[in-house]
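The file target_5.cif comes next; it holds mmCIF, C-alpha atoms.
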data_entry
loop_
_atom_site.group_PDB
_atom_site.id
_atom_site.type_symbol
_atom_site.label_atom_id
_atom_site.label_comp_id
_atom_site.auth_asym_id
_atom_site.auth_seq_id
_atom_site.Cartn_x
_atom_site.Cartn_y
_atom_site.Cartn_z
ATOM 1 C CA MET A 306 57.646 76.441 3.724
ATOM 2 C CA LEU A 307 57.469 74.137 6.753
ATOM 3 C CA LEU A 308 54.513 72.243 5.288
ATOM 4 C CA LEU A 309 56.430 71.745 2.056
ATOM 5 C CA LYS A 310 59.382 70.334 4.013
ATOM 6 C CA LEU A 311 57.020 67.926 5.784
ATOM 7 C CA PHE A 312 55.465 66.868 2.472
ATOM 8 C CA PHE A 313 58.844 66.082 0.897
ATOM 9 C CA ALA A 314 60.097 64.410 4.086
ATOM 10 C CA PHE A 315 57.163 61.998 4.017
ATOM 11 C CA ILE A 316 57.528 61.419 0.286
ATOM 12 C CA GLN A 317 61.045 60.196 1.096
ATOM 13 C CA VAL A 318 59.713 58.046 3.938
ATOM 14 C CA GLY A 319 57.058 56.559 1.685
ATOM 15 C CA MET A 320 59.560 55.932 -1.083
ATOM 16 C CA PHE A 321 62.298 54.281 0.955
ATOM 17 C CA SER A 322 60.431 52.379 3.690
ATOM 18 C CA VAL A 323 60.597 48.969 2.052
ATOM 19 C CA GLY A 324 59.190 46.287 4.330
ATOM 20 C CA GLY A 325 56.208 47.973 5.899
ATOM 21 C CA GLY A 326 55.454 50.432 8.639
ATOM 22 C CA TYR A 327 58.062 49.364 11.174
ATOM 23 C CA ALA A 328 60.768 49.822 8.563
ATOM 24 C CA ALA A 329 59.574 53.422 8.211
ATOM 25 C CA ILE A 330 60.191 54.331 11.867
ATOM 26 C CA PRO A 331 63.960 54.947 11.537
ATOM 27 C CA LEU A 332 63.334 56.961 8.365
ATOM 28 C CA ILE A 333 60.666 59.105 10.016
ATOM 29 C CA GLN A 334 62.947 59.642 13.018
ATOM 30 C CA GLU A 335 65.811 60.678 10.760
ATOM 31 C CA GLN A 336 63.658 63.202 8.871
ATOM 32 C CA ILE A 337 61.609 64.670 11.732
ATOM 33 C CA VAL A 338 64.022 64.511 14.690
ATOM 34 C CA ASN A 339 67.540 64.506 13.258
ATOM 35 C CA ILE A 340 67.383 66.459 9.986
ATOM 36 C CA TYR A 341 64.629 69.027 10.557
ATOM 37 C CA GLY A 342 64.548 69.049 14.378
ATOM 38 C CA LEU A 343 60.764 69.379 14.413
ATOM 39 C CA MET A 344 60.342 67.069 17.436
ATOM 40 C CA THR A 345 62.440 65.926 20.335
ATOM 41 C CA LEU A 346 63.319 62.262 20.729
ATOM 42 C CA GLU A 347 60.871 62.001 23.642
ATOM 43 C CA GLU A 348 58.029 63.496 21.573
ATOM 44 C CA PHE A 349 58.875 61.099 18.747
ATOM 45 C CA SER A 350 58.804 58.154 21.153
ATOM 46 C CA ASP A 351 55.344 59.207 22.340
ATOM 47 C CA LEU A 352 54.229 59.602 18.739
ATOM 48 C CA ILE A 353 55.349 56.062 17.858
ATOM 49 C CA THR A 354 53.560 54.672 20.904
ATOM 50 C CA VAL A 355 50.291 56.302 19.888
ATOM 51 C CA ALA A 356 50.776 55.367 16.216
ATOM 52 C CA GLU A 357 51.278 51.706 17.164
ATOM 53 C CA MET A 358 48.142 51.586 19.292
ATOM 54 C CA THR A 359 45.964 53.339 16.713
ATOM 55 C CA PRO A 360 44.327 51.119 14.076
ATOM 56 C CA GLY A 361 45.922 51.354 10.661
ATOM 57 C CA PRO A 362 49.413 51.279 9.166
ATOM 58 C CA ILE A 363 52.014 52.700 11.536
ATOM 59 C CA SER A 364 53.743 54.796 8.864
ATOM 60 C CA ILE A 365 50.493 56.499 7.855
ATOM 61 C CA ASN A 366 49.467 56.959 11.500
ATOM 62 C CA SER A 367 52.883 58.477 12.217
ATOM 63 C CA ALA A 368 52.590 60.807 9.234
ATOM 64 C CA THR A 369 49.142 61.871 10.396
ATOM 65 C CA PHE A 370 50.287 62.539 13.971
ATOM 66 C CA VAL A 371 53.408 64.433 12.874
ATOM 67 C CA GLY A 372 51.318 66.514 10.468
ATOM 68 C CA MET A 373 48.780 67.343 13.176
ATOM 69 C CA ARG A 374 51.437 68.166 15.752
ATOM 70 C CA ILE A 375 53.405 70.435 13.460
ATOM 71 C CA GLY A 376 51.003 71.807 10.846
ATOM 72 C CA GLY A 377 47.416 71.164 11.927
ATOM 73 C CA ILE A 378 44.888 69.920 9.359
ATOM 74 C CA PRO A 379 46.946 71.052 6.316
ATOM 75 C CA GLY A 380 49.916 69.216 7.848
ATOM 76 C CA VAL A 381 47.811 66.076 8.292
ATOM 77 C CA LEU A 382 46.761 66.125 4.657
ATOM 78 C CA LEU A 383 50.211 66.845 3.244
ATOM 79 C CA CYS A 384 52.086 64.354 5.448
ATOM 80 C CA THR A 385 49.586 61.559 4.907
ATOM 81 C CA VAL A 386 49.362 62.089 1.144
ATOM 82 C CA GLY A 387 53.152 62.413 0.960
ATOM 83 C CA CYS A 388 53.518 59.077 2.724
ATOM 84 C CA ILE A 389 50.961 57.324 0.493
ATOM 85 C CA ILE A 390 51.830 58.666 -2.991
ATOM 86 C CA PRO A 391 55.170 56.841 -3.483
ATOM 87 C CA SER A 392 53.777 53.520 -2.276
ATOM 88 C CA PHE A 393 50.725 53.831 -4.474
ATOM 89 C CA CYS A 394 52.757 54.653 -7.576
ATOM 90 C CA ILE A 395 55.390 51.988 -6.937
ATOM 91 C CA CYS A 396 52.781 49.297 -6.186
ATOM 92 C CA PHE A 397 50.791 50.213 -9.274
ATOM 93 C CA ILE A 398 53.851 49.949 -11.527
ATOM 94 C CA LEU A 399 55.183 46.786 -9.853
ATOM 95 C CA ALA A 400 51.790 45.077 -10.037
ATOM 96 C CA HIS A 401 51.655 45.731 -13.754
ATOM 97 C CA PHE A 402 55.110 44.230 -14.327
ATOM 98 C CA TYR A 403 54.611 41.381 -11.866
ATOM 99 C CA TYR A 404 51.449 40.154 -13.583
ATOM 100 C CA LYS A 405 53.151 40.481 -16.941
ATOM 101 C CA TYR A 406 56.418 38.714 -15.976
ATOM 102 C CA ARG A 407 55.586 36.592 -12.903
ATOM 103 C CA SER A 408 56.491 33.319 -14.597
ATOM 104 C CA VAL A 409 60.074 34.462 -15.303
ATOM 105 C CA SER A 410 62.505 32.798 -12.882
ATOM 106 C CA GLY A 411 64.548 35.980 -12.417
ATOM 107 C CA VAL A 412 61.596 37.698 -10.760
ATOM 108 C CA GLN A 413 61.524 35.032 -8.023
ATOM 109 C CA VAL A 414 65.292 35.406 -7.517
ATOM 110 C CA VAL A 415 64.969 39.184 -7.049
ATOM 111 C CA LEU A 416 62.116 38.780 -4.568
ATOM 112 C CA GLY A 417 64.130 36.207 -2.629
ATOM 113 C CA ALA A 418 67.136 38.538 -2.524
ATOM 114 C CA MET A 419 65.027 41.334 -1.008
ATOM 115 C CA ARG A 420 63.971 39.302 2.046
ATOM 116 C CA PRO A 421 67.185 39.810 4.093
ATOM 117 C CA ALA A 422 67.014 43.593 3.558
ATOM 118 C CA VAL A 423 63.416 43.677 4.766
ATOM 119 C CA VAL A 424 64.322 41.607 7.841
ATOM 120 C CA ALA A 425 67.201 44.004 8.605
ATOM 121 C CA LEU A 426 64.940 47.062 8.335
ATOM 122 C CA ILE A 427 62.350 45.508 10.660
ATOM 123 C CA ALA A 428 65.082 44.496 13.141
ATOM 124 C CA SER A 429 66.417 48.060 13.060
ATOM 125 C CA ALA A 430 62.949 49.434 13.794
ATOM 126 C CA GLY A 431 62.465 46.962 16.652
ATOM 127 C CA THR A 432 65.810 47.909 18.172
ATOM 128 C CA SER A 433 64.970 51.598 17.833
ATOM 129 C CA ILE A 434 61.600 51.148 19.552
ATOM 130 C CA LEU A 435 63.141 49.041 22.332
ATOM 131 C CA THR A 436 65.921 51.530 23.090
ATOM 132 C CA LEU A 437 63.501 54.460 22.977
ATOM 133 C CA GLY A 438 61.163 52.668 25.372
ATOM 134 C CA LEU A 439 63.792 51.445 27.826
ATOM 135 C CA PHE A 440 66.313 54.297 27.736
ATOM 136 C CA GLN A 441 64.597 57.255 25.989
ATOM 137 C CA ALA A 442 67.695 57.371 23.778
ATOM 138 C CA GLU A 443 68.971 56.093 20.484
ATOM 139 C CA LEU A 444 71.107 52.953 20.359
ATOM 140 C CA TYR A 445 74.426 54.814 20.306
ATOM 141 C CA ASP A 446 73.363 57.112 23.192
ATOM 142 C CA ILE A 447 72.427 54.380 25.694
ATOM 143 C CA VAL A 448 73.654 54.893 29.238
ATOM 144 C CA PRO A 449 72.994 51.858 31.490
ATOM 145 C CA GLU A 450 72.153 54.127 34.429
ATOM 146 C CA ASP A 451 69.230 55.595 32.460
ATOM 147 C CA ILE A 452 67.324 52.329 32.173
ATOM 148 C CA ARG A 453 63.618 52.667 32.899
ATOM 149 C CA PHE A 454 62.860 49.719 35.185
ATOM 150 C CA VAL A 455 59.064 50.009 34.989
ATOM 151 C CA GLU A 456 59.162 49.699 31.206
ATOM 152 C CA LEU A 457 61.709 46.869 31.416
ATOM 153 C CA GLY A 458 59.491 44.944 33.836
ATOM 154 C CA ILE A 459 56.393 45.439 31.690
ATOM 155 C CA PHE A 460 58.343 44.377 28.585
ATOM 156 C CA ILE A 461 59.621 41.187 30.254
ATOM 157 C CA VAL A 462 56.172 40.234 31.570
ATOM 158 C CA ALA A 463 54.535 40.999 28.210
ATOM 159 C CA LEU A 464 57.140 38.972 26.320
ATOM 160 C CA PHE A 465 56.715 36.053 28.756
ATOM 161 C CA LEU A 466 52.924 36.097 28.398
ATOM 162 C CA LEU A 467 53.166 36.337 24.628
ATOM 163 C CA ARG A 468 55.685 33.497 24.232
ATOM 164 C CA LYS A 469 54.637 31.126 27.033
ATOM 165 C CA TYR A 470 50.848 31.461 27.030
ATOM 166 C CA LYS A 471 50.368 32.711 23.439
ATOM 167 C CA MET A 472 48.129 35.529 24.685
ATOM 168 C CA ASN A 473 46.459 37.840 22.209
ATOM 169 C CA ALA A 474 48.766 40.768 21.318
ATOM 170 C CA ILE A 475 45.938 43.291 21.721
ATOM 171 C CA THR A 476 45.283 42.051 25.252
ATOM 172 C CA ILE A 477 48.983 42.383 26.056
ATOM 173 C CA ILE A 478 49.155 45.917 24.615
ATOM 174 C CA LEU A 479 46.098 47.052 26.552
ATOM 175 C CA GLY A 480 47.298 45.304 29.713
ATOM 176 C CA SER A 481 50.722 46.922 29.387
ATOM 177 C CA GLY A 482 49.109 50.347 29.036
ATOM 178 C CA VAL A 483 46.931 49.770 32.106
ATOM 179 C CA ALA A 484 49.875 48.392 34.104
ATOM 180 C CA GLY A 485 52.065 51.376 33.182
ATOM 181 C CA THR A 486 49.314 53.831 34.070
ATOM 182 C CA VAL A 487 48.667 52.176 37.431
ATOM 183 C CA ILE A 488 52.364 51.888 38.312
ATOM 184 C CA TYR A 489 53.168 55.493 37.394
ATOM 185 C CA THR A 490 50.057 56.714 39.216
ATOM 186 C CA LEU A 491 51.157 54.853 42.343
ATOM 187 C CA LEU A 492 54.733 56.089 42.008
ATOM 188 C CA GLY A 493 53.484 59.642 41.580
ATOM 189 C CA ALA A 494 51.330 59.327 44.723
ATOM 190 C CA VAL A 495 54.282 58.156 46.835
#
Structure rendered as structure tokens:
Amino acid sequence: MLLLKLFFAFIQVGMFSVGGGYAAIPLIQEQIVNIYGLMTLEEFSDLITVAEMTPGPISINSATFVGMRIGGIPGVLLCTVGCIIPSFCICFILAHFYYKYRSVSGVQVVLGAMRPAVVALIASAGTSILTLGLFQAELYDIVPEDIRFVELGIFIVALFLLRKYKMNAITIILGSGVAGTVIYTLLGAV
């Protein structure tokens, strides 16, 4: 029964995460943490961190990690397939109609109207990731006293290096991981 719930949860994620993987993060959180209570917010934050660092689409990586954590290999298969099926079907149908009607001006109007919604979903995912990383809480549960100063410092330095020196994002991600590991190791030794 639990595996079936996971399968249908990720079908919903795959169906409604318009805009890519980062748009799927709030949907996955809603299904796995809030509705079914299968993970804590801290476990979900760790899952997103690993899913971002792993090669591949973040929504599929998240589905795979949730499936493994909760249902083992059958969970991996069901969650991943559940996440992929809606996108595959929708893309297949849309590609057919797009190639048939791409010269119609109304199609371009509809695509233009979807852009703000996609930007809003990505902004929501970014805000969710930022609050989880800096406060280990959702946006409406933020308490200023709970700020994690190590993560804030790493975020500020990473953002500065990315914007000012146009450093490679992979280098910044790896450097941030090393910096966090070193800092927490030193803090743990004190």
Would you list the contacts of A:Val462 as a list of chain:residue names, taking every protein, DNA or RNA residue within 9 Å and counting only C-alpha atoms, but skipping same-chain residues closer than 5 positions in sequence? A:Leu457, A:Leu467, A:Ser481
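Each of A:Tyr341, A:Phe393, A:Phe460, A:Tyr327 was checked against A:Asn366 using only C-alpha atoms; the smallest atom-to-atom distance is that of A:Tyr327.
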Give me the residues near stretch 352-361 of chain A as an mmCIF file with C-alpha atoms, in the coordinates of the input, where near means some atom within 10 Å (using only C-alpha atoms) and where sequence neighbours in that chain fewer than 5 positions away do not count.
data_model
loop_
_atom_site.group_PDB
_atom_site.id
_atom_site.type_symbol
_atom_site.label_atom_id
_atom_site.label_comp_id
_atom_site.auth_asym_id
_atom_site.auth_seq_id
_atom_site.Cartn_x
_atom_site.Cartn_y
_atom_site.Cartn_z
ATOM 1 C CA GLY A 326 55.454 50.432 8.639
ATOM 2 C CA TYR A 327 58.062 49.364 11.174
ATOM 3 C CA ILE A 330 60.191 54.331 11.867
ATOM 4 C CA ILE A 333 60.666 59.105 10.016
ATOM 5 C CA GLN A 334 62.947 59.642 13.018
ATOM 6 C CA MET A 344 60.342 67.069 17.436
ATOM 7 C CA LEU A 346 63.319 62.262 20.729
ATOM 8 C CA GLU A 347 60.871 62.001 23.642
ATOM 9 C CA ASN A 366 49.467 56.959 11.500
ATOM 10 C CA SER A 367 52.883 58.477 12.217
ATOM 11 C CA ALA A 368 52.590 60.807 9.234
ATOM 12 C CA THR A 369 49.142 61.871 10.396
ATOM 13 C CA PHE A 370 50.287 62.539 13.971
ATOM 14 C CA VAL A 371 53.408 64.433 12.874
ATOM 15 C CA ARG A 374 51.437 68.166 15.752
ATOM 16 C CA ILE A 434 61.600 51.148 19.552
ATOM 17 C CA LEU A 437 63.501 54.460 22.977
ATOM 18 C CA GLY A 438 61.163 52.668 25.372
ATOM 19 C CA ILE A 475 45.938 43.291 21.721
ATOM 20 C CA ILE A 478 49.155 45.917 24.615
ATOM 21 C CA LEU A 479 46.098 47.052 26.552
ATOM 22 C CA GLY A 482 49.109 50.347 29.036
#
Care to translate the PyMOL selection byres ((chain A and resi 372) around 8) into actual residues of this file, as a VMD selection string? chain A and resid 311 368 to 371 373 to 385
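Ranking A:Ala474, A:Ala463, A:Cys388, A:Val487 by their shortest atom-to-atom distance to A:Met320, with only C-alpha atoms included, puts A:Cys388 first.
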From atom CA of A:Arg420 to atom CA of A:Ile398 the spacing works out at 20.0 Å
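Within 12 Å of the point (55.5, 44.2, -5.8), counting only C-alpha atoms, the protein and nucleic acid residues come to Val323, Gly324, Ser392, Phe393, Cys394, Ile395, Cys396, Phe397, Ile398, Leu399, Ala400, His401, Phe402, Tyr403, Tyr404, Lys405, Tyr406, Arg407, Val412, Gln413, Val415, Leu416 and Met419 of chain A.
Our summary of the geometry notes that atom CA of A:Ile340 is positioned 9.6 Å from atom CA of A:Ala314.
Using all atoms listed in the file, the shortest contact distance between A:Ile363 and any of A:Ser322, A:Thr476, A:Thr490, A:Gln336 is found at A:Ser322.
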Measure the distance from atom CA of A:Tyr489 to atom CA of A:Gly342 in Å and round it to one decimal.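 Atom CA of A:Tyr489 sits 29.0 Å away from atom CA of A:Gly342.
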Find the residue from A:Met472, A:Ile365, A:Ile477, A:Met306 that sits nearest to A:Ile459; use only C-alpha atoms when measuring.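 The shortest atom-to-atom distance to A:Ile459 comes from A:Ile477.
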Counting all atoms listed in the file, which residue out of A:Ala422, A:Thr345, A:Lys469, A:Leu492 sits closest to A:Gln441? A:Thr345
Write out as a VMD selection string which residues come within 10 Å of stretch 442-445 of chain A when counting only C-alpha atoms, dropping same-chain ones fewer than 2 positions away. chain A and resid 346 to 347 350 429 432 to 440 447 to 448 451 to 452
I want to know what sits within 9 Å of A:Pro391, based on all atoms listed in the file, with residues of the same chain fewer than 5 positions away left out; could you give that as a PDB file with C-alpha atoms, in the frame of the given file?
ATOM      1  CA  ILE A 316      57.528  61.419   0.286  1.00  0.00           C
ATOM      2  CA  GLN A 317      61.045  60.196   1.096  1.00  0.00           C
ATOM      3  CA  VAL A 318      59.713  58.046   3.938  1.00  0.00           C
ATOM      4  CA  GLY A 319      57.058  56.559   1.685  1.00  0.00           C
ATOM      5  CA  MET A 320      59.560  55.932  -1.083  1.00  0.00           C
ATOM      6  CA  PHE A 321      62.298  54.281   0.955  1.00  0.00           C
ATOM      7  CA  CYS A 396      52.781  49.297  -6.186  1.00  0.00           C
TER       8      CYS A 396
END
